[in-house]
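Participant: If it helps, the file is called work32.tsv and holds TSV, C-alpha atoms:
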```
chain	number	residue	atom	x	y	z
V	29	GLN	CA	0.82	-10.21	1.47
V	30	ALA	CA	3.84	-9.11	3.53
V	31	GLU	CA	6.07	-9.93	0.57
V	32	MET	CA	3.90	-7.74	-1.66
V	33	ALA	CA	4.68	-4.71	0.48
V	34	LEU	CA	8.32	-4.98	-0.57
V	35	LEU	CA	7.52	-4.90	-4.28
V	36	PRO	CA	7.62	-1.70	-6.34
V	37	PRO	CA	4.10	-0.31	-6.96
V	38	GLY	CA	3.80	-1.64	-10.53
V	39	GLU	CA	4.74	-5.16	-9.51
V	40	ARG	CA	2.49	-4.89	-6.45
V	41	VAL	CA	-0.45	-4.04	-8.72
V	42	GLU	CA	0.27	-7.10	-10.87
V	43	ALA	CA	0.69	-9.37	-7.85
V	44	ALA	CA	-2.50	-8.14	-6.16
V	45	GLU	CA	-4.52	-8.50	-9.36
V	46	ALA	CA	-3.15	-12.02	-9.90
V	47	ALA	CA	-3.98	-12.98	-6.32
V	48	LEU	CA	-7.51	-11.61	-6.71
V	49	ARG	CA	-7.87	-13.82	-9.81
V	50	CYS	CA	-6.58	-16.73	-7.66
V	51	GLU	CA	-3.52	-17.09	-9.88
V	52	MET	CA	-1.15	-17.61	-6.96
V	53	GLU	CA	1.99	-19.69	-7.16
V	54	GLU	CA	2.66	-21.98	-4.22
V	55	GLU	CA	6.37	-22.66	-3.72
V	56	GLY	CA	7.18	-26.35	-3.52
V	57	SER	CA	3.67	-27.42	-4.45
V	58	ASP	CA	3.24	-29.82	-7.35
V	59	GLU	CA	-0.45	-30.35	-6.80
V	60	GLU	CA	-2.99	-28.14	-8.48
V	61	ALA	CA	-5.36	-27.18	-5.70
V	62	THR	CA	-8.22	-24.81	-6.22
V	63	PRO	CA	-7.32	-21.71	-4.21
V	64	VAL	CA	-9.93	-20.22	-1.93
V	65	LEU	CA	-9.98	-16.48	-1.48
V	66	LEU	CA	-12.06	-15.34	1.48
V	67	GLY	CA	-13.85	-12.02	1.36
V	68	LYS	CA	-11.64	-10.46	4.03
V	69	ASP	CA	-8.53	-11.58	2.13
V	70	ALA	CA	-9.89	-10.09	-1.08
V	71	GLN	CA	-10.54	-6.83	0.77
V	72	GLU	CA	-6.97	-6.72	2.06
V	73	LEU	CA	-5.64	-7.37	-1.44
V	74	ARG	CA	-7.85	-4.61	-2.84
V	75	VAL	CA	-6.44	-2.17	-0.27
V	76	VAL	CA	-2.91	-3.15	-1.35
V	77	LEU	CA	-3.98	-2.69	-4.97
V	78	ALA	CA	-5.61	0.71	-4.39
V	79	LEU	CA	-2.64	2.07	-2.45
V	80	ALA	CA	-0.21	0.89	-5.13
V	81	LEU	CA	-2.35	2.52	-7.83
V	82	MET	CA	-2.29	5.76	-5.84
V	83	GLN	CA	1.50	5.54	-5.58
V	84	MET	CA	1.58	5.26	-9.37
V	85	GLN	CA	-0.76	8.28	-9.59
V	86	ARG	CA	-3.42	6.18	-11.29
V	87	TYR	CA	-6.12	7.86	-9.25
V	88	SER	CA	-9.06	6.99	-11.51
V	89	ASP	CA	-8.19	3.30	-11.27
V	90	ALA	CA	-7.66	3.55	-7.52
V	91	LEU	CA	-11.02	5.29	-7.14
V	92	LEU	CA	-12.76	2.29	-8.71
V	93	VAL	CA	-11.02	-0.05	-6.26
V	94	TRP	CA	-11.93	2.10	-3.23
V	95	ARG	CA	-15.55	2.14	-4.43
V	96	ARG	CA	-15.52	-1.64	-4.80
V	97	LEU	CA	-14.11	-1.96	-1.28
V	98	ALA	CA	-16.93	0.23	-0.01
V	99	ALA	CA	-19.58	-1.74	-1.90
V	100	PHE	CA	-18.31	-4.99	-0.38
V	101	ALA	CA	-18.31	-3.44	3.11
V	102	CYS	CA	-21.87	-2.15	2.63
V	103	HIS	CA	-23.01	-5.62	1.67
V	104	HIS	CA	-21.00	-7.78	4.10
V	105	CYS	CA	-20.16	-5.64	7.15
V	106	PRO	CA	-22.37	-4.22	9.87
V	107	PRO	CA	-24.07	-0.92	9.03
V	108	PHE	CA	-21.80	2.10	9.45
V	109	ASP	CA	-18.64	0.04	9.81
V	110	GLU	CA	-15.66	2.38	10.10
V	111	ALA	CA	-14.15	0.78	7.01
V	112	LEU	CA	-16.73	2.72	4.98
V	113	ALA	CA	-15.39	6.01	6.31
V	114	VAL	CA	-11.85	4.98	5.37
V	115	TYR	CA	-12.84	3.84	1.88
V	116	ALA	CA	-14.93	6.95	1.23
V	117	THR	CA	-12.07	9.17	2.43
V	118	GLN	CA	-9.57	7.51	0.11
V	119	ALA	CA	-12.07	7.52	-2.76
V	120	ALA	CA	-12.63	11.26	-2.25
V	121	LEU	CA	-8.88	11.87	-2.33
V	122	CYS	CA	-8.63	9.92	-5.59
V	123	ALA	CA	-11.58	11.81	-7.08
V	124	LEU	CA	-9.91	15.10	-6.16
V	125	ALA	CA	-6.49	14.02	-7.45
V	126	GLY	CA	-7.60	12.27	-10.62
V	127	SER	CA	-9.50	13.12	-13.72
V	128	GLU	CA	-12.70	13.49	-11.71
V	129	SER	CA	-11.32	16.57	-9.97
V	130	SER	CA	-13.53	18.66	-12.25
V	131	SER	CA	-16.51	16.90	-10.70
V	132	SER	CA	-16.46	18.46	-7.27
V	133	SER	CA	-19.93	17.08	-6.55
V	134	SER	CA	-18.52	13.53	-6.68
V	135	SER	CA	-15.75	14.46	-4.26
V	136	ALA	CA	-18.14	16.36	-2.01
V	137	LYS	CA	-20.54	13.41	-1.92
V	138	LEU	CA	-17.72	11.03	-0.96
V	139	VAL	CA	-16.57	13.39	1.80
V	140	SER	CA	-20.16	13.63	3.02
V	141	ILE	CA	-20.38	9.83	3.13
V	142	ALA	CA	-17.12	9.56	5.08
V	143	LEU	CA	-18.27	12.16	7.59
V	144	GLY	CA	-21.74	10.68	7.95
V	145	VAL	CA	-20.57	7.11	8.47
V	146	HIS	CA	-17.92	8.26	10.93
V	147	ARG	CA	-20.44	10.35	12.86
V	148	VAL	CA	-22.91	7.47	13.19
V	149	ALA	CA	-20.18	4.97	14.09
V	150	PHE	CA	-18.64	7.14	16.81
V	151	GLY	CA	-21.38	9.58	17.79
V	152	ALA	CA	-19.14	12.60	18.01
V	153	PRO	CA	-17.65	15.05	15.53
V	154	LEU	CA	-14.13	13.61	15.73
V	155	PHE	CA	-13.45	12.99	12.05
V	156	ARG	CA	-10.77	15.65	11.60
V	157	TRP	CA	-8.96	14.56	14.74
V	158	ARG	CA	-9.07	10.85	13.86
V	159	TYR	CA	-8.25	11.19	10.15
V	160	GLN	CA	-5.51	13.83	10.28
V	161	LYS	CA	-2.76	11.19	10.13
V	162	GLU	CA	-4.59	9.17	7.48
V	163	LEU	CA	-4.55	12.18	5.19
V	164	GLU	CA	-0.93	13.05	5.99
V	165	LEU	CA	0.08	9.54	4.90
V	166	SER	CA	-2.08	9.46	1.77
V	167	VAL	CA	-0.25	9.45	-1.54
V	168	VAL	CA	-1.74	12.68	-2.87
V	169	SER	CA	-0.48	16.22	-3.19
V	170	GLU	CA	-0.81	18.81	-0.47
V	171	GLU	CA	-3.27	20.68	-2.70
V	172	VAL	CA	-5.53	17.63	-2.76
V	173	ARG	CA	-5.34	17.32	1.02
V	174	GLN	CA	-6.27	20.98	1.41
V	175	ALA	CA	-9.17	20.59	-1.03
V	176	PHE	CA	-10.38	17.59	0.98
V	177	TRP	CA	-10.34	19.54	4.26
V	178	LYS	CA	-12.16	22.43	2.57
V	179	LEU	CA	-14.92	19.99	1.63
V	180	VAL	CA	-15.01	18.73	5.22
V	181	ASP	CA	-15.32	22.30	6.47
V	182	ALA	CA	-17.96	23.14	3.86
V	183	SER	CA	-20.08	20.18	4.91
V	184	GLY	CA	-20.57	21.68	8.34
V	185	SER	CA	-21.23	18.22	9.81
V	186	GLU	CA	-18.15	18.34	12.01
V	187	ALA	CA	-19.75	21.14	14.00
V	188	SER	CA	-23.47	20.74	13.48
V	189	GLY	CA	-24.02	17.00	13.69
V	190	SER	CA	-26.14	17.09	10.53
V	191	GLU	CA	-28.10	14.12	9.29
V	192	VAL	CA	-26.36	11.18	7.67
V	193	PRO	CA	-26.63	11.49	3.88
V	194	SER	CA	-28.09	8.81	1.67
V	195	TRP	CA	-25.67	7.25	-0.76
V	196	SER	CA	-25.19	4.52	-3.29
V	197	TRP	CA	-21.96	2.99	-4.48
```
Here is a file; write its structure as structure tokens.
Facilitator:
Amino acid sequence: QAEMALLPPGERVEAAEAALRCEMEEEGSDEEATPVLLGKDAQELRVVLALALMQMQRYSDALLVWRRLAAFACHHCPPFDEALAVYATQAALCALAGSESSSSSSSAKLVSIALGVHRVAFGAPLFRWRYQKELELSVVSEEVRQAFWKLVDASGSEASGSEVPSWSW
């Protein structure tokens, strides 16, 4: 995976997709062993894939990967794992940046999920403080970042401690 980070985004997408299909080449190995891909390894590869897709501005494709990451976390991680807040945040950024930007309800729902999960996981309205750097480093335009923070502000949950929304991935 460390070697993947050095690849250009397009090659990184291909390498991550191949690894997820268990089509990995082992150097110096003549034997054909059946590769085993653990769930946590698949999750890490999907993060690499989603970030590379975002770098290529393929936001709709990245959104699907972030949603898949979230679905896996919902099924295999403890309830309200912080990973869900991260995945929902990145998915919301992709929805805002991509073709789904016309569907503000999708973006707003994803922001609501991120805020709700974060609030339950940490018990305090610290989302903006904790995710400021995450958004600064995201591969989206400044306009998308501003739109995201407007949705956070519009939710009111940072100040009011509103109920956690229901959601489905």
Participant: Any idea what's packed within 12 Å of Ala30 of chain V, counting only C-alpha atoms, ignoring anything in its chain fewer than 6 positions away? Could you give it as JSON, numbers by chain?
Facilitator: {"V": [40, 43, 44, 72, 73, 76]}
Participant: Within 9 Å of segment 82-95 of chain V, counting all atoms listed in the file, which residues show up once you throw out same-chain ones fewer than 4 positions away? Write them as a PyMOL selection string, please.
Facilitator: chain V and resi 37-38+74-75+77-78+99-100+115-116+118-128+166-168+197
Participant: Quick one: everything within 12 Å of Lys178 of chain V, counting all atoms listed in the file, minus sequence neighbours fewer than 5 positions away in the same chain. Send it as an mmCIF file with C-alpha atoms, in the frame of the given file.
Facilitator:
```cif
data_model
loop_
_atom_site.group_PDB
_atom_site.id
_atom_site.type_symbol
_atom_site.label_atom_id
_atom_site.label_comp_id
_atom_site.auth_asym_id
_atom_site.auth_seq_id
_atom_site.Cartn_x
_atom_site.Cartn_y
_atom_site.Cartn_z
ATOM 1 C CA LEU V 124 -9.910 15.100 -6.160
ATOM 2 C CA SER V 132 -16.460 18.460 -7.270
ATOM 3 C CA SER V 135 -15.750 14.460 -4.260
ATOM 4 C CA ALA V 136 -18.140 16.360 -2.010
ATOM 5 C CA VAL V 139 -16.570 13.390 1.800
ATOM 6 C CA SER V 140 -20.160 13.630 3.020
ATOM 7 C CA ARG V 156 -10.770 15.650 11.600
ATOM 8 C CA GLU V 171 -3.270 20.680 -2.700
ATOM 9 C CA VAL V 172 -5.530 17.630 -2.760
ATOM 10 C CA ARG V 173 -5.340 17.320 1.020
ATOM 11 C CA SER V 183 -20.080 20.180 4.910
ATOM 12 C CA GLY V 184 -20.570 21.680 8.340
ATOM 13 C CA GLU V 186 -18.150 18.340 12.010
#
```
Participant: Around segment 60-76 of chain V, with edges along x, y and z and 6 Å added on all six sides, what centre and edge lengths do you get, in Å to one decimal, as JSON?
Facilitator:
```
{"center_x": -8.4, "center_y": -15.2, "center_z": -2.2, "size_x": 22.9, "size_y": 38.0, "size_z": 24.5}
```
Participant: Distance atom CA of Lys137 of chain V-atom CA of Ala70 of chain V, one decimal place?
Facilitator: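 Atom-to-atom, atom CA of Lys137 of chain V to atom CA of Ala70 of chain V, that is 25.8 Å.
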Participant: Taking only C-alpha atoms into account, name the residue in V:Pro63, V:Lys161, V:Ala98, V:Leu79 that is nearest to Met32 of chain V.
Facilitator: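 When distances to Met32 of chain V are compared using only C-alpha atoms, the smallest one comes from V:Leu79.
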Participant: Return the single residue from V:Ala152, V:Ala175, V:Val64, V:Ala80 that is closest to Glu51 of chain V, with distances computed using all atoms listed in the file.
Facilitator: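 With all atoms listed in the file as the atom set, the closest residue is V:Val64.
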Participant: With only C-alpha atoms as the basis for distance, which of V:Gln174, V:Leu35, V:Gly67, V:His146 is at the shortest distance from His104 of chain V?
Facilitator: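 Counting only C-alpha atoms, the residue closest to His104 of chain V is V:Gly67.
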Participant: Between V:Leu179, V:Cys50, V:Leu165, V:Val145, which one has atoms that come closest to Cys102 of chain V, using all atoms listed in the file?
Facilitator: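 When distances to Cys102 of chain V are compared using all atoms listed in the file, the smallest one comes from V:Val145.
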Participant: Given the choices V:Gln160, V:Gln71, V:Ser134, V:Ser169, which gets closest to Ala47 of chain V if the distance is worked out from only C-alpha atoms?
Facilitator: V:Gln71
Participant: For Cys105 of chain V, which residue out of V:Thr62, V:Phe150, V:Leu143, V:Lys68 is the nearest one, using only C-alpha atoms?
Facilitator: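 For Cys105 of chain V, the nearest of the given residues is V:Lys68.
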Participant: Got a minute to add all heavy atoms to segment 64-75 of chain V and dump it as an mmCIF file, in the coordinates of the input?
Facilitator:
```cif
data_model
loop_
_atom_site.group_PDB
_atom_site.id
_atom_site.type_symbol
_atom_site.label_atom_id
_atom_site.label_comp_id
_atom_site.auth_asym_id
_atom_site.auth_seq_id
_atom_site.Cartn_x
_atom_site.Cartn_y
_atom_site.Cartn_z
ATOM 1 N N VAL V 64 -8.740 -20.832 -2.500
ATOM 2 C CA VAL V 64 -9.930 -20.220 -1.930
ATOM 3 C C VAL V 64 -9.530 -18.847 -1.424
ATOM 4 O O VAL V 64 -8.593 -18.710 -0.643
ATOM 5 C CB VAL V 64 -10.496 -21.072 -0.774
ATOM 6 C CG1 VAL V 64 -11.668 -20.367 -0.123
ATOM 7 C CG2 VAL V 64 -10.892 -22.448 -1.279
ATOM 8 N N LEU V 65 -10.249 -17.849 -1.896
ATOM 9 C CA LEU V 65 -9.980 -16.480 -1.480
ATOM 10 C C LEU V 65 -11.183 -15.992 -0.677
ATOM 11 O O LEU V 65 -12.271 -15.809 -1.218
ATOM 12 C CB LEU V 65 -9.748 -15.590 -2.704
ATOM 13 C CG LEU V 65 -9.300 -14.173 -2.441
ATOM 14 C CD1 LEU V 65 -7.945 -14.150 -1.729
ATOM 15 C CD2 LEU V 65 -9.199 -13.403 -3.749
ATOM 16 N N LEU V 66 -10.984 -15.815 0.618
ATOM 17 C CA LEU V 66 -12.060 -15.340 1.480
ATOM 18 C C LEU V 66 -12.301 -13.864 1.243
ATOM 19 O O LEU V 66 -11.409 -13.134 0.801
ATOM 20 C CB LEU V 66 -11.698 -15.584 2.946
ATOM 21 C CG LEU V 66 -11.449 -17.037 3.350
ATOM 22 C CD1 LEU V 66 -10.992 -17.105 4.795
ATOM 23 C CD2 LEU V 66 -12.700 -17.873 3.139
ATOM 24 N N GLY V 67 -13.502 -13.415 1.562
ATOM 25 C CA GLY V 67 -13.850 -12.020 1.360
ATOM 26 C C GLY V 67 -12.909 -11.054 2.051
ATOM 27 O O GLY V 67 -12.490 -10.051 1.490
ATOM 28 N N LYS V 68 -12.538 -11.351 3.304
ATOM 29 C CA LYS V 68 -11.640 -10.460 4.030
ATOM 30 C C LYS V 68 -10.255 -10.417 3.383
ATOM 31 O O LYS V 68 -9.609 -9.376 3.361
ATOM 32 C CB LYS V 68 -11.532 -10.831 5.501
ATOM 33 C CG LYS V 68 -10.734 -12.082 5.794
ATOM 34 C CD LYS V 68 -10.487 -12.225 7.290
ATOM 35 C CE LYS V 68 -9.345 -13.138 7.581
ATOM 36 N NZ LYS V 68 -8.056 -12.718 7.106
ATOM 37 N N ASP V 69 -9.825 -11.549 2.827
ATOM 38 C CA ASP V 69 -8.530 -11.580 2.130
ATOM 39 C C ASP V 69 -8.592 -10.764 0.847
ATOM 40 O O ASP V 69 -7.650 -10.046 0.514
ATOM 41 C CB ASP V 69 -8.124 -13.025 1.823
ATOM 42 C CG ASP V 69 -7.920 -13.848 3.085
ATOM 43 O OD1 ASP V 69 -7.481 -13.278 4.104
ATOM 44 O OD2 ASP V 69 -8.209 -15.061 3.052
ATOM 45 N N ALA V 70 -9.710 -10.881 0.146
ATOM 46 C CA ALA V 70 -9.890 -10.090 -1.080
ATOM 47 C C ALA V 70 -9.890 -8.604 -0.744
ATOM 48 O O ALA V 70 -9.298 -7.785 -1.467
ATOM 49 C CB ALA V 70 -11.178 -10.486 -1.787
ATOM 50 N N GLN V 71 -10.527 -8.236 0.366
ATOM 51 C CA GLN V 71 -10.540 -6.830 0.770
ATOM 52 C C GLN V 71 -9.132 -6.331 1.060
ATOM 53 O O GLN V 71 -8.753 -5.230 0.645
ATOM 54 C CB GLN V 71 -11.432 -6.632 2.005
ATOM 55 C CG GLN V 71 -12.916 -6.720 1.737
ATOM 56 C CD GLN V 71 -13.431 -5.590 0.866
ATOM 57 O OE1 GLN V 71 -13.410 -5.684 -0.358
ATOM 58 N NE2 GLN V 71 -13.911 -4.533 1.481
ATOM 59 N N GLU V 72 -8.341 -7.131 1.760
ATOM 60 C CA GLU V 72 -6.970 -6.720 2.060
ATOM 61 C C GLU V 72 -6.158 -6.571 0.778
ATOM 62 O O GLU V 72 -5.372 -5.629 0.637
ATOM 63 C CB GLU V 72 -6.312 -7.734 2.999
ATOM 64 C CG GLU V 72 -6.873 -7.694 4.403
ATOM 65 C CD GLU V 72 -6.293 -8.755 5.317
ATOM 66 O OE1 GLU V 72 -5.284 -9.394 4.953
ATOM 67 O OE2 GLU V 72 -6.859 -8.939 6.410
ATOM 68 N N LEU V 73 -6.344 -7.480 -0.164
ATOM 69 C CA LEU V 73 -5.640 -7.370 -1.440
ATOM 70 C C LEU V 73 -6.086 -6.138 -2.218
ATOM 71 O O LEU V 73 -5.269 -5.472 -2.863
ATOM 72 C CB LEU V 73 -5.874 -8.629 -2.283
ATOM 73 C CG LEU V 73 -5.127 -9.874 -1.821
ATOM 74 C CD1 LEU V 73 -5.666 -11.118 -2.522
ATOM 75 C CD2 LEU V 73 -3.625 -9.721 -2.061
ATOM 76 N N ARG V 74 -7.364 -5.814 -2.154
ATOM 77 C CA ARG V 74 -7.850 -4.610 -2.840
ATOM 78 C C ARG V 74 -7.270 -3.343 -2.221
ATOM 79 O O ARG V 74 -6.980 -2.379 -2.940
ATOM 80 C CB ARG V 74 -9.381 -4.569 -2.818
ATOM 81 C CG ARG V 74 -10.009 -5.578 -3.746
ATOM 82 C CD ARG V 74 -11.533 -5.451 -3.776
ATOM 83 N NE ARG V 74 -12.089 -6.610 -4.423
ATOM 84 C CZ ARG V 74 -12.799 -7.549 -3.807
ATOM 85 N NH1 ARG V 74 -13.081 -7.448 -2.520
ATOM 86 N NH2 ARG V 74 -13.256 -8.577 -4.475
ATOM 87 N N VAL V 75 -7.082 -3.325 -0.911
ATOM 88 C CA VAL V 75 -6.440 -2.170 -0.270
ATOM 89 C C VAL V 75 -5.000 -2.039 -0.770
ATOM 90 O O VAL V 75 -4.554 -0.948 -1.130
ATOM 91 C CB VAL V 75 -6.495 -2.269 1.264
ATOM 92 C CG1 VAL V 75 -5.601 -1.223 1.917
ATOM 93 C CG2 VAL V 75 -7.927 -2.122 1.756
#
```
